[in-house]
Amino acid sequence: MTQLAGYRPPYPGTQPNHLHPPYVSSRKRAPTKPLVPIPFTLTEITGPSFGTEILPPKACDLTRLRGGEAIGERIVVSGRVLDENSRPVPNTLIEIWQANAAGRYHHEVDKHDAPLDPNFAGSGKTITDSEGRYRFLTIRPGEYPWGNHYNAWRPAHIHFSIFGPAFATRLVTQMFFPGDPLLAFDPIFNCTADEKARNRLISVFDWETTSPDYSLGYRFDLILRGREATPMGDKLGE
Amino acid sequence: MSLQTTTSQTVGPYFGIGMTWLIRDNLIGEGVSGDRFTIQGRVFDGDGLPVPDAILEIWQANAHGKYDHPEDTQRKLLEPGFKGYGRVLVSHEGMFRFVTIKPGSVPGPKGKEQAPHLAISIFMRGLLKRLVTRMYFPDDPRNADDPILTLVEPERRSTLIARKTAGGAGTLEWNVLLQGPDETVFFDVGL
Ligand SMILES: [Fe+3]
């Protein structure tokens, strides 16, 4: 018999609500009825896993496409995926996507009048190593305008999608850059009550991954939900 | 002092750039057993307008009621052709469609069996964190005392159960309504 532990709830104020009125798109898309709390079952504590064989070649290098080099400032973005108990999360899929150096996405919906870069890949994927580490080589993304309010500009950011070991640990977030003057005005960045939680979305300039004459390094650790100390009290199996 | 989970942020409008490569709209690999279904539906916002930029992820057990995951220690058959993971993007008209098998039942709280279900995560612009819901299958007698469905007010349970369609027995329809009187039930799993 196996006893299964659930996953811890978030520390108060560290996760957004679905409805955040300053973020206008949430108004017609956030649920209006209360969510129905459910206990963890085998469904939520299991989840998909992916092997390195699904990764296209050079999927962690966004700076070269069609034989040419992307325009902009090369950066290394690296870090670790850990759980709340500081344990590394190995062998888990990370996907990233971002605007190019001019602040333009290679996407039909993006009508921003900034140049596309045919040599910038725009997205990357990798799988963490046995110690939960990951590393991407990319271009520092540009800030870009959006329609949320008058003269709205998104701070420079990279979108991250991480699976972790279970359905319960799935996380999508955004990484920001230190010192960005737009952070104070961004309703998405400012969606949580807890200022320290917000600031953990800002990557840290990192000498260790900065290479002479080549690229700056930024470090961004991702923390996934940790297990409860005690099992759910449910028994699984025969 | 323990760490705290990274704050969730929206996928934004351009997630297709990073997520389309892993579309899995047919979950059935070679040699997979079980009743096959095409599941289709639409996603609607609070104005009743189709949402053109959403992504759904599916997680489910195989036809024997076994998850392809090390923590599922049940003595049930794993099938190499079935991973249980699906990912679909909606079209400009808010439509999605995927093909899968009806899972077997899996254990729930206090050893009570759960009715066959798909666990669904929904991401889109406007959602700062994902929505979690489930899809159950029509005409399954196990729905009546499923330990999760019975936590939902009776009048709202139908939002979680797919409907049969004119398209034949193998096609089911399941829509996601983000708001309104028939709003889909979304679950709190502590996100
Ligand atoms: Fe963005």
# chains A, B, ... in the order shown; residues from 1 in each chain; ligands from 1
>>> residues_near_ligand(ligand="ligand 1", cutoff="7 Å", atoms="only C-alpha atoms and all ligand atoms", output="list in words")
Gln98, Ala99, His157, Ile158 and His159 of chain A; Gly12 and Tyr14 of chain B
>>> select_by_dssp(residues="region 25-200 of chain A", states="strand (DSSP E or B)", output="ChimeraX atom specification")
/A:36-37,61,64-65,68-69,74-83,88,93-98,123-127,133-139,144-146,152-154,157-162,171-176
>>> interface_residues(of="chain B", to="chain A", cutoff="7 Å", atoms="only C-alpha atoms", output="PDB file with N, CA, C and O atoms, in the first residue's frame")
ATOM      1  N   SER B   2      11.221  27.651   4.127  1.00  0.00           N
ATOM      2  CA  SER B   2      11.025  26.990   2.843  1.00  0.00           C
ATOM      3  C   SER B   2      10.836  28.031   1.745  1.00  0.00           C
ATOM      4  O   SER B   2      10.563  29.190   2.004  1.00  0.00           O
ATOM      5  N   LEU B   3      10.981  27.601   0.519  1.00  0.00           N
ATOM      6  CA  LEU B   3      10.781  28.495  -0.622  1.00  0.00           C
ATOM      7  C   LEU B   3       9.288  28.648  -0.897  1.00  0.00           C
ATOM      8  O   LEU B   3       8.473  27.901  -0.365  1.00  0.00           O
ATOM      9  N   GLN B   4       8.951  29.632  -1.711  1.00  0.00           N
ATOM     10  CA  GLN B   4       7.551  29.839  -2.085  1.00  0.00           C
ATOM     11  C   GLN B   4       7.393  29.681  -3.588  1.00  0.00           C
ATOM     12  O   GLN B   4       8.246  30.127  -4.361  1.00  0.00           O
ATOM     13  N   THR B   5       6.287  29.081  -3.959  1.00  0.00           N
ATOM     14  CA  THR B   5       6.031  28.818  -5.376  1.00  0.00           C
ATOM     15  C   THR B   5       6.062  30.114  -6.190  1.00  0.00           C
ATOM     16  O   THR B   5       5.499  31.127  -5.780  1.00  0.00           O
ATOM     17  N   THR B   6       6.707  30.060  -7.327  1.00  0.00           N
ATOM     18  CA  THR B   6       6.780  31.205  -8.242  1.00  0.00           C
ATOM     19  C   THR B   6       5.369  31.670  -8.609  1.00  0.00           C
ATOM     20  O   THR B   6       4.484  30.857  -8.887  1.00  0.00           O
ATOM     21  N   THR B   7       5.177  32.979  -8.609  1.00  0.00           N
ATOM     22  CA  THR B   7       3.885  33.571  -8.968  1.00  0.00           C
ATOM     23  C   THR B   7       3.511  33.225 -10.407  1.00  0.00           C
ATOM     24  O   THR B   7       4.329  33.355 -11.315  1.00  0.00           O
ATOM     25  N   SER B   8       2.283  32.811 -10.580  1.00  0.00           N
ATOM     26  CA  SER B   8       1.780  32.502 -11.920  1.00  0.00           C
ATOM     27  C   SER B   8       1.547  33.794 -12.706  1.00  0.00           C
ATOM     28  O   SER B   8       1.197  34.827 -12.138  1.00  0.00           O
ATOM     29  N   GLN B   9       1.755  33.739 -14.007  1.00  0.00           N
ATOM     30  CA  GLN B   9       1.469  34.872 -14.894  1.00  0.00           C
ATOM     31  C   GLN B   9       0.730  34.347 -16.120  1.00  0.00           C
ATOM     32  O   GLN B   9       0.811  33.168 -16.444  1.00  0.00           O
ATOM     33  N   THR B  10       0.061  35.246 -16.820  1.00  0.00           N
ATOM     34  CA  THR B  10      -0.721  34.810 -17.989  1.00  0.00           C
ATOM     35  C   THR B  10       0.183  34.292 -19.120  1.00  0.00           C
ATOM     36  O   THR B  10       1.335  34.702 -19.238  1.00  0.00           O
ATOM     37  N   VAL B  11      -0.379  33.391 -19.940  1.00  0.00           N
ATOM     38  CA  VAL B  11       0.331  32.966 -21.157  1.00  0.00           C
ATOM     39  C   VAL B  11       0.335  34.078 -22.198  1.00  0.00           C
ATOM     40  O   VAL B  11       1.096  34.016 -23.155  1.00  0.00           O
ATOM     41  N   TYR B  14       0.321  35.415 -27.211  1.00  0.00           N
ATOM     42  CA  TYR B  14       1.268  34.878 -28.205  1.00  0.00           C
ATOM     43  C   TYR B  14       1.835  33.512 -27.824  1.00  0.00           C
ATOM     44  O   TYR B  14       2.887  33.108 -28.311  1.00  0.00           O
ATOM     45  N   ILE B  17       3.478  30.671 -30.133  1.00  0.00           N
ATOM     46  CA  ILE B  17       4.889  30.649 -30.545  1.00  0.00           C
ATOM     47  C   ILE B  17       5.654  29.578 -29.769  1.00  0.00           C
ATOM     48  O   ILE B  17       6.477  28.855 -30.324  1.00  0.00           O
ATOM     49  N   GLY B  18       5.360  29.498 -28.480  1.00  0.00           N
ATOM     50  CA  GLY B  18       6.125  28.578 -27.636  1.00  0.00           C
ATOM     51  C   GLY B  18       5.476  27.232 -27.408  1.00  0.00           C
ATOM     52  O   GLY B  18       6.135  26.296 -26.960  1.00  0.00           O
ATOM     53  N   ASP B  45     -16.441  33.574 -23.637  1.00  0.00           N
ATOM     54  CA  ASP B  45     -16.164  34.524 -22.555  1.00  0.00           C
ATOM     55  C   ASP B  45     -17.462  35.056 -21.945  1.00  0.00           C
ATOM     56  O   ASP B  45     -18.563  34.597 -22.276  1.00  0.00           O
ATOM     57  N   GLY B  46     -17.334  36.032 -21.056  1.00  0.00           N
ATOM     58  CA  GLY B  46     -18.479  36.555 -20.323  1.00  0.00           C
ATOM     59  C   GLY B  46     -19.504  37.282 -21.184  1.00  0.00           C
ATOM     60  O   GLY B  46     -20.635  37.505 -20.748  1.00  0.00           O
ATOM     61  N   ASP B  47     -19.146  37.662 -22.398  1.00  0.00           N
ATOM     62  CA  ASP B  47     -20.110  38.250 -23.314  1.00  0.00           C
ATOM     63  C   ASP B  47     -20.726  37.190 -24.227  1.00  0.00           C
ATOM     64  O   ASP B  47     -21.453  37.529 -25.157  1.00  0.00           O
ATOM     65  N   TRP B  59      -5.146  15.612 -19.090  1.00  0.00           N
ATOM     66  CA  TRP B  59      -4.397  14.566 -18.395  1.00  0.00           C
ATOM     67  C   TRP B  59      -5.370  13.473 -18.008  1.00  0.00           C
ATOM     68  O   TRP B  59      -6.418  13.750 -17.414  1.00  0.00           O
ATOM     69  N   HIS B  69       2.666   7.220 -14.743  1.00  0.00           N
ATOM     70  CA  HIS B  69       3.372   8.055 -13.774  1.00  0.00           C
ATOM     71  C   HIS B  69       3.867   7.155 -12.648  1.00  0.00           C
ATOM     72  O   HIS B  69       3.146   6.269 -12.200  1.00  0.00           O
ATOM     73  N   GLU B  71       4.059   7.456  -9.549  1.00  0.00           N
ATOM     74  CA  GLU B  71       3.302   7.385  -8.293  1.00  0.00           C
ATOM     75  C   GLU B  71       1.993   6.606  -8.419  1.00  0.00           C
ATOM     76  O   GLU B  71       1.309   6.407  -7.425  1.00  0.00           O
ATOM     77  N   THR B  73       0.924   3.318  -8.415  1.00  0.00           N
ATOM     78  CA  THR B  73       1.491   1.989  -8.134  1.00  0.00           C
ATOM     79  C   THR B  73       0.430   0.898  -8.226  1.00  0.00           C
ATOM     80  O   THR B  73       0.657  -0.223  -7.773  1.00  0.00           O
ATOM     81  N   GLN B  74      -0.741   1.213  -8.777  1.00  0.00           N
ATOM     82  CA  GLN B  74      -1.777   0.193  -8.928  1.00  0.00           C
ATOM     83  C   GLN B  74      -1.276  -0.931  -9.834  1.00  0.00           C
ATOM     84  O   GLN B  74      -0.572  -0.672 -10.809  1.00  0.00           O
ATOM     85  N   ARG B  75      -1.687  -2.131  -9.517  1.00  0.00           N
ATOM     86  CA  ARG B  75      -1.333  -3.251 -10.391  1.00  0.00           C
ATOM     87  C   ARG B  75      -2.308  -3.299 -11.558  1.00  0.00           C
ATOM     88  O   ARG B  75      -3.217  -4.112 -11.604  1.00  0.00           O
ATOM     89  N   TYR B  85      -1.413  12.457 -22.087  1.00  0.00           N
ATOM     90  CA  TYR B  85      -1.302  13.912 -22.163  1.00  0.00           C
ATOM     91  C   TYR B  85      -1.820  14.417 -23.502  1.00  0.00           C
ATOM     92  O   TYR B  85      -1.456  13.895 -24.551  1.00  0.00           O
ATOM     93  N   PRO B 107      -8.758   5.388  -8.380  1.00  0.00           N
ATOM     94  CA  PRO B 107      -9.177   5.581  -6.996  1.00  0.00           C
ATOM     95  C   PRO B 107      -9.266   7.048  -6.613  1.00  0.00           C
ATOM     96  O   PRO B 107      -8.528   7.883  -7.118  1.00  0.00           O
ATOM     97  N   GLY B 108     -10.195   7.352  -5.730  1.00  0.00           N
ATOM     98  CA  GLY B 108     -10.368   8.704  -5.224  1.00  0.00           C
ATOM     99  C   GLY B 108     -10.235   8.700  -3.712  1.00  0.00           C
ATOM    100  O   GLY B 108      -9.677   7.764  -3.145  1.00  0.00           O
ATOM    101  N   PRO B 109     -10.751   9.746  -3.063  1.00  0.00           N
ATOM    102  CA  PRO B 109     -10.630   9.838  -1.608  1.00  0.00           C
ATOM    103  C   PRO B 109     -11.240   8.621  -0.908  1.00  0.00           C
ATOM    104  O   PRO B 109     -12.264   8.115  -1.330  1.00  0.00           O
ATOM    105  N   LYS B 110     -10.590   8.201   0.144  1.00  0.00           N
ATOM    106  CA  LYS B 110     -11.051   7.072   0.977  1.00  0.00           C
ATOM    107  C   LYS B 110     -11.274   5.801   0.162  1.00  0.00           C
ATOM    108  O   LYS B 110     -12.167   5.011   0.442  1.00  0.00           O
ATOM    109  N   GLY B 111     -10.461   5.644  -0.876  1.00  0.00           N
ATOM    110  CA  GLY B 111     -10.521   4.418  -1.662  1.00  0.00           C
ATOM    111  C   GLY B 111     -11.749   4.306  -2.558  1.00  0.00           C
ATOM    112  O   GLY B 111     -11.938   3.314  -3.267  1.00  0.00           O
ATOM    113  N   ARG B 125      -4.896  34.352 -22.599  1.00  0.00           N
ATOM    114  CA  ARG B 125      -4.762  35.763 -22.286  1.00  0.00           C
ATOM    115  C   ARG B 125      -5.904  36.142 -21.358  1.00  0.00           C
ATOM    116  O   ARG B 125      -7.043  35.716 -21.551  1.00  0.00           O
ATOM    117  N   GLY B 126      -5.636  36.936 -20.335  1.00  0.00           N
ATOM    118  CA  GLY B 126      -6.686  37.321 -19.393  1.00  0.00           C
ATOM    119  C   GLY B 126      -6.728  36.450 -18.156  1.00  0.00           C
ATOM    120  O   GLY B 126      -7.324  36.826 -17.163  1.00  0.00           O
ATOM    121  N   LEU B 127      -6.122  35.274 -18.215  1.00  0.00           N
ATOM    122  CA  LEU B 127      -6.065  34.406 -17.036  1.00  0.00           C
ATOM    123  C   LEU B 127      -4.662  34.479 -16.451  1.00  0.00           C
ATOM    124  O   LEU B 127      -3.702  34.002 -17.058  1.00  0.00           O
ATOM    125  N   LEU B 128      -4.552  35.057 -15.250  1.00  0.00           N
ATOM    126  CA  LEU B 128      -3.241  35.175 -14.602  1.00  0.00           C
ATOM    127  C   LEU B 128      -2.767  33.841 -14.064  1.00  0.00           C
ATOM    128  O   LEU B 128      -1.575  33.650 -13.818  1.00  0.00           O
ATOM    129  N   LYS B 129      -3.705  32.922 -13.845  1.00  0.00           N
ATOM    130  CA  LYS B 129      -3.319  31.540 -13.558  1.00  0.00           C
ATOM    131  C   LYS B 129      -4.311  30.622 -14.238  1.00  0.00           C
ATOM    132  O   LYS B 129      -5.414  31.044 -14.608  1.00  0.00           O
ATOM    133  N   ILE B 148     -15.851  13.459  -6.645  1.00  0.00           N
ATOM    134  CA  ILE B 148     -15.569  14.867  -6.967  1.00  0.00           C
ATOM    135  C   ILE B 148     -16.830  15.544  -7.509  1.00  0.00           C
ATOM    136  O   ILE B 148     -17.197  16.633  -7.075  1.00  0.00           O
ATOM    137  N   VAL B 152     -20.024  19.134  -6.188  1.00  0.00           N
ATOM    138  CA  VAL B 152     -20.555  20.252  -6.966  1.00  0.00           C
ATOM    139  C   VAL B 152     -22.071  20.294  -6.773  1.00  0.00           C
ATOM    140  O   VAL B 152     -22.718  19.251  -6.725  1.00  0.00           O
ATOM    141  N   LEU B 178     -16.816  30.621 -19.561  1.00  0.00           N
ATOM    142  CA  LEU B 178     -15.989  31.210 -18.506  1.00  0.00           C
ATOM    143  C   LEU B 178     -16.823  31.979 -17.492  1.00  0.00           C
ATOM    144  O   LEU B 178     -16.414  32.133 -16.339  1.00  0.00           O
ATOM    145  N   GLN B 179     -17.972  32.498 -17.925  1.00  0.00           N
ATOM    146  CA  GLN B 179     -18.831  33.281 -17.032  1.00  0.00           C
ATOM    147  C   GLN B 179     -20.288  33.023 -17.408  1.00  0.00           C
ATOM    148  O   GLN B 179     -20.572  32.400 -18.423  1.00  0.00           O
ATOM    149  N   PHE B 186     -15.259  25.311 -12.181  1.00  0.00           N
ATOM    150  CA  PHE B 186     -13.796  25.234 -12.105  1.00  0.00           C
ATOM    151  C   PHE B 186     -13.413  24.862 -10.678  1.00  0.00           C
ATOM    152  O   PHE B 186     -14.089  25.261  -9.726  1.00  0.00           O
ATOM    153  N   PHE B 187     -12.338  24.102 -10.560  1.00  0.00           N
ATOM    154  CA  PHE B 187     -11.961  23.554  -9.263  1.00  0.00           C
ATOM    155  C   PHE B 187     -10.816  24.334  -8.627  1.00  0.00           C
ATOM    156  O   PHE B 187      -9.941  24.869  -9.313  1.00  0.00           O
ATOM    157  N   ASP B 188     -10.847  24.338  -7.318  1.00  0.00           N
ATOM    158  CA  ASP B 188      -9.752  24.896  -6.526  1.00  0.00           C
ATOM    159  C   ASP B 188      -8.863  23.738  -6.091  1.00  0.00           C
ATOM    160  O   ASP B 188      -9.265  22.924  -5.261  1.00  0.00           O
ATOM    161  N   VAL B 189      -7.689  23.655  -6.696  1.00  0.00           N
ATOM    162  CA  VAL B 189      -6.718  22.643  -6.283  1.00  0.00           C
ATOM    163  C   VAL B 189      -5.521  23.322  -5.612  1.00  0.00           C
ATOM    164  O   VAL B 189      -4.412  22.794  -5.601  1.00  0.00           O
ATOM    165  N   GLY B 190      -5.776  24.500  -5.060  1.00  0.00           N
ATOM    166  CA  GLY B 190      -4.740  25.192  -4.280  1.00  0.00           C
ATOM    167  C   GLY B 190      -3.727  25.942  -5.118  1.00  0.00           C
ATOM    168  O   GLY B 190      -2.577  26.063  -4.710  1.00  0.00           O
ATOM    169  N   LEU B 191      -4.151  26.473  -6.267  1.00  0.00           N
ATOM    170  CA  LEU B 191      -3.192  27.217  -7.100  1.00  0.00           C
ATOM    171  C   LEU B 191      -3.079  28.659  -6.615  1.00  0.00           C
ATOM    172  O   LEU B 191      -4.016  29.221  -6.109  1.00  0.00           O
TER     173      LEU B 191
END
>>> atom_distance(atom1="CA of Ala63 (chain B)", atom2="CA of Phe137 (chain B)")
13.2 Å
>>> residues_around(residues="Ile161 (chain B)", least_positions_apart="2", cutoff="7 Å", atoms="only C-alpha atoms", output="list in words")
Met135, Tyr136, Phe137, Pro138, Ser158, Thr159 and Arg163 of chain B
>>> closest_residue(among="B:Gly31, B:Gly41, B:Gly48, B:Pro116", to="Gly65 (chain B)", atoms="only C-alpha atoms")
B:Pro116
>>> atom_distance(atom1="CA of Tyr214 (chain A)", atom2="CA of Gly72 (chain A)")
12.0 Å
>>> atom_distance(atom1="CA of Glu57 (chain B)", atom2="CA of Ile122 (chain B)")
6.5 Å
>>> decode(residues="region 163-223 of chain A", atoms="C-alpha atoms", output="CSV table (one decimal), in the first residue's frame")
chain,number,residue,atom,x,y,z
A,163,PHE,CA,5.4,21.0,-16.0
A,164,GLY,CA,6.9,19.6,-12.8
A,165,PRO,CA,6.1,16.1,-11.6
A,166,ALA,CA,2.3,16.4,-11.4
A,167,PHE,CA,-0.9,17.9,-12.8
A,168,ALA,CA,-0.8,20.0,-9.5
A,169,THR,CA,2.6,21.5,-10.2
A,170,ARG,CA,1.9,22.9,-13.7
A,171,LEU,CA,3.0,26.5,-13.9
A,172,VAL,CA,3.1,29.3,-16.5
A,173,THR,CA,4.9,32.5,-15.6
A,174,GLN,CA,7.0,35.4,-16.9
A,175,MET,CA,10.6,36.4,-16.2
A,176,PHE,CA,11.5,40.1,-16.0
A,177,PHE,CA,14.7,42.1,-16.0
A,178,PRO,CA,16.3,44.1,-13.1
A,179,GLY,CA,15.8,47.8,-13.1
A,180,ASP,CA,13.1,47.9,-15.8
A,181,PRO,CA,11.3,51.2,-15.3
A,182,LEU,CA,8.0,49.8,-16.7
A,183,LEU,CA,7.6,47.2,-14.0
A,184,ALA,CA,5.9,49.7,-11.6
A,185,PHE,CA,3.2,50.3,-14.2
A,186,ASP,CA,2.5,46.8,-15.4
A,187,PRO,CA,-0.8,45.3,-14.2
A,188,ILE,CA,0.3,41.8,-15.0
A,189,PHE,CA,3.6,42.0,-13.0
A,190,ASN,CA,1.7,43.7,-10.2
A,191,CYS,CA,-1.1,41.1,-10.0
A,192,THR,CA,-0.1,39.8,-6.5
A,193,ALA,CA,-0.5,41.4,-3.2
A,194,ASP,CA,2.9,40.2,-1.9
A,195,GLU,CA,5.7,42.5,-3.1
A,196,LYS,CA,8.5,39.9,-2.4
A,197,ALA,CA,6.6,37.4,-4.6
A,198,ARG,CA,6.5,39.9,-7.4
A,199,ASN,CA,10.1,40.7,-7.1
A,200,ARG,CA,11.0,37.0,-7.4
A,201,LEU,CA,9.8,37.2,-11.0
A,202,ILE,CA,12.8,39.6,-11.7
A,203,SER,CA,15.9,37.7,-12.9
A,204,VAL,CA,19.2,38.5,-11.4
A,205,PHE,CA,22.3,39.6,-13.4
A,206,ASP,CA,24.8,36.8,-13.0
A,207,TRP,CA,28.6,37.1,-13.5
A,208,GLU,CA,29.0,33.4,-13.4
A,209,THR,CA,27.1,32.9,-16.7
A,210,THR,CA,28.3,36.1,-18.3
A,211,SER,CA,30.9,35.2,-21.0
A,212,PRO,CA,33.8,37.5,-21.9
A,213,ASP,CA,33.2,39.2,-25.3
A,214,TYR,CA,30.0,37.2,-25.9
A,215,SER,CA,26.9,37.5,-23.7
A,216,LEU,CA,25.5,38.7,-20.3
A,217,GLY,CA,24.0,36.2,-18.0
A,218,TYR,CA,20.7,36.3,-16.1
A,219,ARG,CA,19.7,33.9,-13.4
A,220,PHE,CA,16.1,32.9,-12.9
A,221,ASP,CA,15.1,30.1,-10.5
A,222,LEU,CA,11.6,28.6,-10.7
A,223,ILE,CA,9.9,27.2,-7.6
